[in-house]
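As stored in run-v1.cif (mmCIF, C-alpha atoms and all ligand atoms):
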```
data_upload
#
loop_
_atom_site.label_atom_id
_atom_site.label_comp_id
_atom_site.auth_asym_id
_atom_site.auth_seq_id
_atom_site.Cartn_x
_atom_site.Cartn_y
_atom_site.Cartn_z
CA MET U 1459 -3.24 0.07 14.71
CA TRP U 1460 -2.87 1.68 11.29
CA THR U 1461 -2.13 5.43 11.51
CA HIS U 1462 -0.86 6.34 8.02
CA ARG U 1463 -2.98 8.84 6.11
CA HIS U 1464 -0.78 8.28 3.04
CA LEU U 1465 0.97 5.26 1.61
CA LEU U 1466 4.17 6.70 0.18
CA GLY U 1467 6.56 3.79 0.44
CA ILE U 1468 7.40 0.60 2.29
CA ALA U 1469 10.30 2.48 3.93
CA GLN U 1470 7.77 4.32 6.15
CA LEU U 1471 6.03 1.13 7.30
CA SER U 1472 6.72 -1.13 10.24
CA ARG U 1473 6.44 -4.90 10.20
CA ASP U 1474 3.06 -4.57 11.97
CA ASP U 1475 1.83 -2.10 9.34
CA VAL U 1476 2.70 -4.55 6.57
CA LEU U 1477 0.94 -7.39 8.38
CA ALA U 1478 -2.10 -5.14 8.96
CA VAL U 1479 -2.43 -4.59 5.19
CA LEU U 1480 -1.93 -8.28 4.41
CA ASP U 1481 -4.53 -9.33 6.99
CA ALA U 1482 -7.07 -6.76 5.80
CA ALA U 1483 -6.41 -7.80 2.20
CA GLN U 1484 -7.00 -11.42 3.15
CA ARG U 1485 -10.46 -10.52 4.42
CA TRP U 1486 -11.30 -8.70 1.18
CA PHE U 1487 -9.81 -11.50 -0.90
CA VAL U 1488 -12.11 -14.18 0.52
CA MET U 1489 -15.20 -11.99 0.82
CA PRO U 1490 -17.72 -12.54 -1.98
CA ARG U 1491 -17.81 -9.52 -4.30
CA ALA U 1492 -21.46 -8.71 -3.61
CA GLU U 1493 -20.83 -8.72 0.12
CA ALA U 1494 -17.86 -6.36 -0.25
CA LYS U 1495 -20.00 -4.01 -2.35
CA ASN U 1496 -22.81 -4.14 0.20
CA ALA U 1497 -20.39 -3.25 2.99
CA ARG U 1498 -19.92 0.10 1.15
CA VAL U 1499 -16.93 0.95 3.26
CA LEU U 1500 -16.07 3.90 1.00
CA HIS U 1501 -19.60 4.82 -0.04
CA GLY U 1502 -19.80 8.49 -1.04
CA ARG U 1503 -16.02 8.87 -1.16
CA SER U 1504 -14.07 9.97 -4.25
CA ILE U 1505 -10.82 8.54 -5.46
CA VAL U 1506 -8.83 10.03 -8.32
CA ASN U 1507 -6.30 7.97 -10.26
CA LEU U 1508 -3.68 10.38 -11.56
CA PHE U 1509 -1.21 8.50 -13.73
CA PHE U 1510 1.62 10.37 -15.44
CA GLU U 1511 3.13 7.09 -16.70
CA SER U 1512 1.55 4.22 -18.60
CA SER U 1513 -0.17 1.49 -16.67
CA THR U 1514 -2.53 -1.38 -17.33
CA ARG U 1515 -2.61 -3.45 -14.14
CA THR U 1516 -2.08 -0.86 -11.42
CA ARG U 1517 -4.57 1.72 -12.64
CA THR U 1518 -7.29 -0.80 -13.40
CA SER U 1519 -6.66 -2.56 -10.12
CA PHE U 1520 -7.04 0.65 -8.09
CA GLU U 1521 -10.19 1.46 -10.05
CA VAL U 1522 -11.75 -1.93 -9.41
CA ALA U 1523 -10.66 -1.81 -5.76
CA GLY U 1524 -12.23 1.61 -5.16
CA LYS U 1525 -15.46 0.66 -6.89
CA ARG U 1526 -15.71 -2.60 -5.00
CA LEU U 1527 -15.64 -0.55 -1.79
CA GLY U 1528 -18.46 1.65 -3.07
CA ALA U 1529 -16.36 4.75 -3.89
CA ASP U 1530 -16.60 6.93 -7.00
CA VAL U 1531 -13.40 6.53 -8.98
CA VAL U 1532 -12.23 9.00 -11.61
CA ASN U 1533 -9.26 8.48 -13.92
CA VAL U 1534 -7.26 11.50 -15.02
CA SER U 1535 -4.74 11.04 -17.75
CA PRO U 1536 -2.19 13.84 -18.23
CA GLN U 1537 -2.29 13.45 -22.02
CA THR U 1538 -5.86 14.73 -22.07
CA SER U 1539 -5.68 17.06 -19.05
CA SER U 1540 -4.45 20.61 -18.52
CA VAL U 1541 -0.98 19.23 -17.79
CA THR U 1542 -0.47 19.51 -21.55
CA LYS U 1543 -1.27 23.23 -21.18
CA GLY U 1544 1.55 23.70 -18.71
CA GLU U 1545 -0.20 23.17 -15.38
CA THR U 1546 2.15 22.04 -12.62
CA LEU U 1547 1.74 18.80 -10.66
CA LEU U 1548 0.89 20.75 -7.53
CA ASP U 1549 -1.77 22.89 -9.23
CA THR U 1550 -3.32 19.79 -10.78
CA VAL U 1551 -3.43 18.13 -7.37
CA ARG U 1552 -4.86 21.22 -5.63
CA ASN U 1553 -7.62 21.42 -8.21
CA LEU U 1554 -8.49 17.78 -7.79
CA GLU U 1555 -8.55 18.32 -4.05
CA ALA U 1556 -10.92 21.25 -4.52
CA LEU U 1557 -13.26 18.74 -6.17
CA ARG U 1558 -13.17 16.99 -2.78
CA ALA U 1559 -11.16 13.93 -3.69
CA ASP U 1560 -10.60 11.82 -0.59
CA ALA U 1561 -7.64 9.97 -2.07
CA LEU U 1562 -5.29 10.54 -4.97
CA VAL U 1563 -3.53 7.56 -6.43
CA LEU U 1564 -0.43 8.99 -8.08
CA ARG U 1565 2.01 7.52 -10.57
CA HIS U 1566 4.77 9.85 -11.65
CA PRO U 1567 8.18 9.53 -13.35
CA ALA U 1568 9.92 11.61 -10.65
CA SER U 1569 11.20 9.82 -7.56
CA GLY U 1570 9.74 11.56 -4.51
CA ALA U 1571 6.67 12.95 -6.35
CA ALA U 1572 4.19 11.25 -4.01
CA GLU U 1573 5.97 12.49 -0.91
CA PHE U 1574 6.11 16.02 -2.28
CA VAL U 1575 2.42 16.09 -3.09
CA ALA U 1576 1.49 14.58 0.29
CA THR U 1577 2.91 17.59 2.12
CA HIS U 1578 0.59 19.90 0.22
CA THR U 1579 -2.77 18.19 0.29
CA ARG U 1580 -5.54 17.16 2.63
CA ALA U 1581 -6.37 14.13 0.49
CA SER U 1582 -4.72 10.78 1.17
CA ILE U 1583 -1.91 10.09 -1.29
CA VAL U 1584 -1.23 6.56 -2.44
CA ASN U 1585 2.01 6.11 -4.32
CA ALA U 1586 1.36 3.97 -7.39
CA GLY U 1587 5.01 4.20 -8.48
CA ASP U 1588 7.35 7.20 -8.33
CA GLY U 1589 10.22 6.97 -10.79
CA ALA U 1590 12.79 4.39 -9.73
CA HIS U 1591 11.96 4.92 -6.06
CA GLU U 1592 9.02 2.88 -4.67
CA HIS U 1593 5.93 0.97 -5.72
CA PRO U 1594 4.55 -0.02 -2.33
CA THR U 1595 1.30 -1.71 -3.37
CA GLN U 1596 3.23 -3.96 -5.76
CA ALA U 1597 5.47 -5.19 -2.96
CA LEU U 1598 2.45 -5.68 -0.70
CA LEU U 1599 0.60 -7.72 -3.32
CA ASP U 1600 3.75 -9.75 -3.97
CA ALA U 1601 4.00 -10.56 -0.25
CA PHE U 1602 0.29 -11.40 -0.21
CA THR U 1603 0.78 -13.83 -3.11
CA ILE U 1604 3.79 -15.49 -1.44
CA ARG U 1605 1.85 -15.90 1.81
CA ARG U 1606 -1.23 -17.27 0.06
CA ARG U 1607 0.96 -19.94 -1.51
CA GLY U 1608 1.71 -21.13 2.02
CA LYS U 1609 5.28 -19.80 2.30
CA ARG U 1610 6.67 -18.36 5.51
CA PHE U 1611 8.78 -15.21 5.23
CA GLU U 1612 11.30 -16.01 7.94
CA GLY U 1613 14.29 -17.50 6.13
CA LEU U 1614 12.60 -17.38 2.72
CA VAL U 1615 15.12 -16.97 -0.11
CA VAL U 1616 14.00 -14.54 -2.81
CA ALA U 1617 16.02 -13.96 -5.98
CA ILE U 1618 15.25 -10.65 -7.70
CA CYS U 1619 16.74 -10.62 -11.19
CA GLY U 1620 17.07 -7.97 -13.87
CA ASP U 1621 17.16 -4.19 -13.98
CA ILE U 1622 17.53 -3.56 -10.26
CA LEU U 1623 18.91 -0.05 -10.70
CA HIS U 1624 15.74 1.43 -12.18
CA SER U 1625 13.22 -0.81 -10.47
CA ARG U 1626 10.89 0.66 -7.87
CA VAL U 1627 9.48 -2.86 -7.54
CA ALA U 1628 12.88 -4.24 -6.48
CA ARG U 1629 13.36 -1.42 -3.99
CA SER U 1630 9.95 -1.79 -2.34
CA ASN U 1631 10.28 -5.57 -2.26
CA ALA U 1632 13.74 -5.44 -0.73
CA TRP U 1633 12.46 -3.23 2.09
CA LEU U 1634 9.36 -5.30 2.68
CA LEU U 1635 10.93 -8.75 2.48
CA GLY U 1636 13.70 -7.60 4.82
CA LEU U 1637 11.09 -6.42 7.35
CA LEU U 1638 9.48 -9.86 7.27
CA GLY U 1639 12.78 -11.73 7.66
CA ALA U 1640 13.38 -13.01 4.12
CA GLU U 1641 16.80 -13.17 2.45
CA VAL U 1642 16.98 -11.18 -0.78
CA ARG U 1643 19.52 -11.85 -3.54
CA LEU U 1644 19.81 -9.25 -6.26
CA SER U 1645 21.34 -10.05 -9.62
CA GLY U 1646 21.60 -8.35 -12.98
CA PRO U 1647 24.14 -6.84 -15.37
CA ARG U 1648 26.72 -4.81 -13.47
CA THR U 1649 25.44 -1.64 -15.10
CA LEU U 1650 21.91 -2.33 -13.83
CA VAL U 1651 22.62 -3.11 -10.17
CA PRO U 1652 23.14 -0.11 -7.86
CA ARG U 1653 26.50 -0.03 -6.12
CA ALA U 1654 24.97 0.42 -2.68
CA ALA U 1655 22.27 -2.23 -3.15
CA GLU U 1656 23.02 -3.73 0.26
CA ALA U 1657 21.78 -0.48 1.82
CA LEU U 1658 18.28 -1.65 0.89
CA GLY U 1659 18.24 -3.84 3.98
CA PRO U 1660 20.27 -6.05 6.29
CA THR U 1661 19.09 -9.22 4.55
CA VAL U 1662 19.84 -7.95 1.03
CA ARG U 1663 22.96 -8.93 -0.92
CA THR U 1664 24.05 -8.75 -4.52
CA VAL U 1665 25.37 -11.77 -6.39
CA THR U 1666 27.19 -11.85 -9.71
CA THR U 1667 25.29 -14.38 -11.76
CA VAL U 1668 21.63 -15.15 -12.15
CA GLU U 1669 22.44 -18.84 -11.50
CA GLU U 1670 23.90 -17.94 -8.12
CA ALA U 1671 20.82 -15.88 -7.26
CA VAL U 1672 18.38 -18.64 -8.19
CA GLU U 1673 20.30 -21.51 -6.52
CA GLY U 1674 17.97 -22.98 -3.86
CA ALA U 1675 15.58 -19.98 -4.05
CA ASP U 1676 11.97 -20.19 -2.85
CA VAL U 1677 10.88 -17.29 -5.04
CA VAL U 1678 12.31 -16.08 -8.34
CA MET U 1679 11.20 -12.57 -9.19
CA THR U 1680 12.17 -11.25 -12.59
CA LEU U 1681 12.04 -7.64 -13.77
CA ARG U 1682 11.62 -5.81 -17.05
CA ILE U 1683 14.39 -3.61 -18.40
CA GLN U 1684 13.10 -0.09 -17.77
CA THR U 1685 13.74 1.30 -21.24
CA GLU U 1686 11.74 4.43 -20.36
CA ARG U 1687 14.46 5.17 -17.81
CA LEU U 1688 17.11 4.66 -20.53
CA ALA U 1689 18.19 1.27 -19.21
CA GLY U 1690 18.34 -0.03 -22.79
CA ALA U 1691 21.55 1.92 -23.28
CA MET U 1692 23.16 0.05 -20.38
CA ILE U 1693 23.08 -3.42 -21.94
CA ALA U 1694 24.89 -4.67 -25.03
CA SER U 1695 21.79 -6.15 -26.69
CA THR U 1696 18.51 -7.71 -25.62
CA ARG U 1697 19.62 -10.99 -27.18
CA GLU U 1698 22.74 -11.15 -25.10
CA TYR U 1699 20.78 -10.01 -22.04
CA ALA U 1700 18.24 -12.81 -22.51
CA HIS U 1701 21.06 -15.32 -22.86
CA THR U 1702 22.98 -14.21 -19.77
CA PHE U 1703 20.30 -12.89 -17.43
CA GLY U 1704 16.96 -14.21 -18.67
CA ILE U 1705 15.02 -16.72 -16.56
CA ASN U 1706 14.48 -19.88 -18.57
CA GLU U 1707 13.82 -23.50 -17.59
CA ARG U 1708 17.56 -24.25 -17.34
CA VAL U 1709 18.11 -21.47 -14.79
CA LEU U 1710 14.89 -22.19 -12.95
CA ALA U 1711 15.95 -25.82 -12.43
CA ARG U 1712 18.39 -24.49 -9.81
CA ALA U 1713 15.58 -23.13 -7.63
CA LYS U 1714 13.67 -25.22 -5.08
CA PRO U 1715 11.23 -27.61 -6.83
CA ASP U 1716 8.24 -25.69 -5.44
CA ALA U 1717 9.70 -22.24 -6.13
CA LEU U 1718 7.33 -19.49 -7.24
CA VAL U 1719 8.03 -17.45 -10.37
CA MET U 1720 6.89 -13.84 -10.09
CA HIS U 1721 6.91 -10.78 -12.33
CA PRO U 1722 5.19 -7.43 -11.73
CA GLY U 1723 4.32 -7.11 -15.43
CA PRO U 1724 4.38 -6.07 -18.15
CA ILE U 1725 6.50 -9.03 -19.21
CA ASN U 1726 8.79 -8.95 -22.22
CA ARG U 1727 8.65 -12.55 -23.36
CA GLY U 1728 11.96 -13.93 -24.49
CA VAL U 1729 13.92 -11.12 -22.83
CA GLU U 1730 13.87 -11.26 -19.01
CA ILE U 1731 11.62 -14.32 -18.95
CA ASP U 1732 11.09 -17.25 -21.29
CA SER U 1733 7.47 -18.00 -22.25
CA ARG U 1734 7.74 -21.56 -20.92
CA VAL U 1735 8.57 -20.16 -17.50
CA ALA U 1736 6.04 -17.31 -17.61
CA ASP U 1737 3.25 -19.73 -18.53
CA GLY U 1738 4.66 -22.69 -16.60
CA PRO U 1739 3.31 -24.45 -13.51
CA ARG U 1740 5.42 -22.42 -11.09
CA SER U 1741 4.34 -19.05 -12.41
CA VAL U 1742 2.09 -17.02 -10.11
CA ILE U 1743 2.13 -13.93 -12.33
CA LEU U 1744 -1.65 -13.81 -12.73
CA ASP U 1745 -2.17 -14.60 -9.03
CA GLN U 1746 -0.21 -11.40 -8.36
CA VAL U 1747 -2.66 -9.44 -10.50
CA GLU U 1748 -5.64 -10.98 -8.71
CA ALA U 1749 -4.12 -10.23 -5.30
CA GLY U 1750 -3.64 -6.60 -6.33
CA VAL U 1751 -7.33 -5.77 -6.04
CA ALA U 1752 -7.69 -7.06 -2.46
CA VAL U 1753 -4.46 -5.39 -1.38
CA ARG U 1754 -5.52 -2.05 -2.88
CA MET U 1755 -8.96 -2.33 -1.27
CA ALA U 1756 -7.18 -2.76 2.05
CA VAL U 1757 -4.84 0.19 1.41
CA LEU U 1758 -7.58 2.58 0.26
CA ALA U 1759 -9.81 1.75 3.22
CA LEU U 1760 -6.91 2.09 5.68
CA VAL U 1761 -5.50 5.41 4.43
CA ILE U 1762 -8.90 7.08 4.02
CA GLY U 1763 -9.89 5.78 7.46
CA ALA U 1764 -6.71 7.23 8.98
CA GLY U 1765 -7.36 10.55 7.22
CA ASP U 1766 -10.84 10.71 8.75
CA ALA U 1767 -9.45 9.94 12.19
CA GLN U 1768 -6.83 12.69 11.86
CA GLY U 1769 -9.20 15.37 10.57
CA LYS U 1770 -7.27 15.55 7.30
CA GLN U 1771 -4.80 18.34 8.04
CA PRO U 1772 -2.03 18.73 5.46
CA SER U 1773 0.92 16.77 6.89
N1 LIG U 1801 4.60 -2.30 -13.50
C1 LIG U 1801 5.81 -2.15 -12.73
C2 LIG U 1801 6.10 -0.69 -12.46
O1 LIG U 1801 5.30 0.16 -12.77
C3 LIG U 1801 6.97 -2.85 -13.33
C4 LIG U 1801 7.37 -2.41 -14.70
O2 LIG U 1801 6.78 -1.48 -15.28
O3 LIG U 1801 8.31 -2.99 -15.22
O4 LIG U 1801 7.13 -0.38 -11.91
#
```
With the file now loaded, output its structure as structure tokens.
Ligand code: ASP
Amino acid sequence: MWTHRHLLGIAQLSRDDVLAVLDAAQRWFVMPRAEAKNARVLHGRSIVNLFFESSTRTRTSFEVAGKRLGADVVNVSPQTSSVTKGETLLDTVRNLEALRADALVLRHPASGAAEFVATHTRASIVNAGDGAHEHPTQALLDAFTIRRRGKRFEGLVVAICGDILHSRVARSNAWLLGLLGAEVRLSGPRTLVPRAAEALGPTVRTVTTVEEAVEGADVVMTLRIQTERLAGAMIASTREYAHTFGINERVLARAKPDALVMHPGPINRGVEIDSRVADGPRSVILDQVEAGVAVRMAVLALVIGAGDAQGKQPS
């Protein structure tokens, strides 16, 4: 049974919690849109998307998900809000709560922002990415995509390549894939792989070259260099990076013939991924985006439902 009023990170979830989201998402995924709308699971509820960092996929996906469940969804962008007048994160959140928001979907550059806010609000908090810490719905939609492609997690080999150090996607995926029994290989320039990467889970290990990571892999996940977190200064040049760490057809040939190519987006073509791979037959990048809506419908319904059941006391 799902008991979490907030979704702050994969680290707080059990294997059963993850499977509960994936199963609920599966039901939303196959349900015709009109039927989902008629079910009006979140009719009369309000969801606020509060994004302090840029986003195309995640914000739109949460908006579509909330609306498909019958909720009212409002987008607040800090650039045009009172944040520019000096209002703190907590005051912004308290004011949105006073407007009776049932859930706040928060993206923030500071690691731990979602957890901090969750201790001060009655609304459900969904972490849509906090700094380099976690991006739980991305990892859940990645797992959903892998499962939909008929792969089993037990013994699955997943290569995660690129800027591991600054990637909340890598962190959430390492936790989640470990919970489900997959082996995770991390690879990237030495400056962009954390020293204690193995602490991300018992099935996680770092390897030196991208070729080694991809050898025999079932899934190849590639990541953008997080220039907004100053990662650009940690590589010699993007050209050299693309040459040594980029996923192209030559590198991909080392993976299993039916390997999936994944990327959370936005992709930087010709840097971490070659266009022929991104648009190739093994790419499931757009499947990931599609899966995002069903996964976020599941998450919103579950956390708001848990909040109702718990009488929404600040945690
Ligand atoms: N969209 C993902 C994130 O917000 C990945 C990225 O931006 O590179 O973390």
* Could you pull out the residues sitting within 6 Å of ligand LIG 1801 (chain U), using only C-alpha atoms and all ligand atoms, and write them as number ranges by chain? => U: 1587, 1626-1627, 1682, 1722-1724
* Asked: Between U:Val1615, U:Ala1756, U:Thr1603, U:Ala1586, which has the minimum distance to Leu1744 of chain U (counting only C-alpha atoms)?
  ->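 With only C-alpha atoms as the atom set, the closest residue is U:Thr1603.
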* Neighbours of Ser1630 of chain U within 6 Å (all atoms listed in the file; same-chain residues fewer than 3 positions away dropped), as a ChimeraX atom specification? -> /U:1468,1592-1594,1597,1627,1633
* Expected residue set, 12 Å radius at (-3.9, -10.6, -8.8), all atoms listed in the file, as a ChimeraX atom specification -> /U:1483,1487,1515-1516,1518-1520,1522-1523,1595-1596,1598-1604,1606,1720-1723,1742-1754
* Asked: Which distance in Å separates atom CA of Asn1533 of chain U and atom CA of Leu1554 of chain U, to one decimal?
  ->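 A separation of 11.2 Å between them.
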With the cut-off set at 10 Å and counting all atoms listed in the file, tabulate each residue of segment 1534-1633 of chain U with an atom at most that distance from an atom of segment 1685-1696 of chain U, showing the nearest atom pair and its distance in Å to one decimal, ordered by chain and increasing number, as a Markdown table.
```
| residue | atom | partner | partner_atom | distance |
| --- | --- | --- | --- | --- |
| U:Pro1567 | CA | U:Arg1687 | CA | 8.9 |
| U:Gly1589 | CA | U:Arg1687 | CA | 8.4 |
| U:Ala1590 | CA | U:Arg1687 | CA | 8.3 |
| U:Asp1621 | CA | U:Ala1689 | CA | 7.6 |
| U:Leu1623 | CA | U:Ala1689 | CA | 8.6 |
| U:His1624 | CA | U:Arg1687 | CA | 6.9 |
| U:Ser1625 | CA | U:Arg1687 | CA | 9.5 |
```
* Could you check which of U:Val1677, U:Leu1710, U:Ala1654, U:Leu1644 is closest to Gly1613 of chain U, using all atoms listed in the file? => U:Val1677
* **Among the residues U:Gly1639, U:Ser1512, U:Lys1770, U:Val1531, the one that comes closest to Ala1576 of chain U [using only C-alpha atoms]** =>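 Of U:Gly1639, U:Ser1512, U:Lys1770, U:Val1531, the one nearest Ala1576 of chain U, counting only C-alpha atoms, is U:Lys1770.
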Within 12 Å of Lys1525 of chain U using all atoms listed in the file, minus same-chain residues under 3 positions, as a PDB file with C-alpha atoms, in the coordinates of the input:
```
ATOM      1  CA  ARG U1491     -17.810  -9.520  -4.300  1.00  0.00           C
ATOM      2  CA  ALA U1492     -21.460  -8.710  -3.610  1.00  0.00           C
ATOM      3  CA  ALA U1494     -17.860  -6.360  -0.250  1.00  0.00           C
ATOM      4  CA  LYS U1495     -20.000  -4.010  -2.350  1.00  0.00           C
ATOM      5  CA  ASN U1496     -22.810  -4.140   0.200  1.00  0.00           C
ATOM      6  CA  ALA U1497     -20.390  -3.250   2.990  1.00  0.00           C
ATOM      7  CA  ARG U1498     -19.920   0.100   1.150  1.00  0.00           C
ATOM      8  CA  VAL U1499     -16.930   0.950   3.260  1.00  0.00           C
ATOM      9  CA  LEU U1500     -16.070   3.900   1.000  1.00  0.00           C
ATOM     10  CA  HIS U1501     -19.600   4.820  -0.040  1.00  0.00           C
ATOM     11  CA  GLY U1502     -19.800   8.490  -1.040  1.00  0.00           C
ATOM     12  CA  ARG U1503     -16.020   8.870  -1.160  1.00  0.00           C
ATOM     13  CA  SER U1504     -14.070   9.970  -4.250  1.00  0.00           C
ATOM     14  CA  ILE U1505     -10.820   8.540  -5.460  1.00  0.00           C
ATOM     15  CA  VAL U1506      -8.830  10.030  -8.320  1.00  0.00           C
ATOM     16  CA  THR U1518      -7.290  -0.800 -13.400  1.00  0.00           C
ATOM     17  CA  SER U1519      -6.660  -2.560 -10.120  1.00  0.00           C
ATOM     18  CA  PHE U1520      -7.040   0.650  -8.090  1.00  0.00           C
ATOM     19  CA  GLU U1521     -10.190   1.460 -10.050  1.00  0.00           C
ATOM     20  CA  VAL U1522     -11.750  -1.930  -9.410  1.00  0.00           C
ATOM     21  CA  GLY U1528     -18.460   1.650  -3.070  1.00  0.00           C
ATOM     22  CA  ALA U1529     -16.360   4.750  -3.890  1.00  0.00           C
ATOM     23  CA  ASP U1530     -16.600   6.930  -7.000  1.00  0.00           C
ATOM     24  CA  VAL U1531     -13.400   6.530  -8.980  1.00  0.00           C
ATOM     25  CA  VAL U1532     -12.230   9.000 -11.610  1.00  0.00           C
ATOM     26  CA  VAL U1751      -7.330  -5.770  -6.040  1.00  0.00           C
ATOM     27  CA  ALA U1752      -7.690  -7.060  -2.460  1.00  0.00           C
ATOM     28  CA  ARG U1754      -5.520  -2.050  -2.880  1.00  0.00           C
ATOM     29  CA  MET U1755      -8.960  -2.330  -1.270  1.00  0.00           C
ATOM     30  CA  LEU U1758      -7.580   2.580   0.260  1.00  0.00           C
ATOM     31  CA  ALA U1759      -9.810   1.750   3.220  1.00  0.00           C
TER      32      ALA U1759
END
```
* All residues 12 Å or closer to segment 1730-1736 of chain U, all atoms listed in the file, same chain fewer than 4 positions away omitted, as an NGL selection string -> :U and (1618-1621 or 1646-1647 or 1668 or 1678-1684 or 1696-1711 or 1717-1726 or 1740-1744)
* Which value, in Å to one decimal, gives the distance between atom CA of Leu1548 of chain U and atom CA of Asn1585 of chain U? ->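 These two atoms are separated by 15.0 Å.
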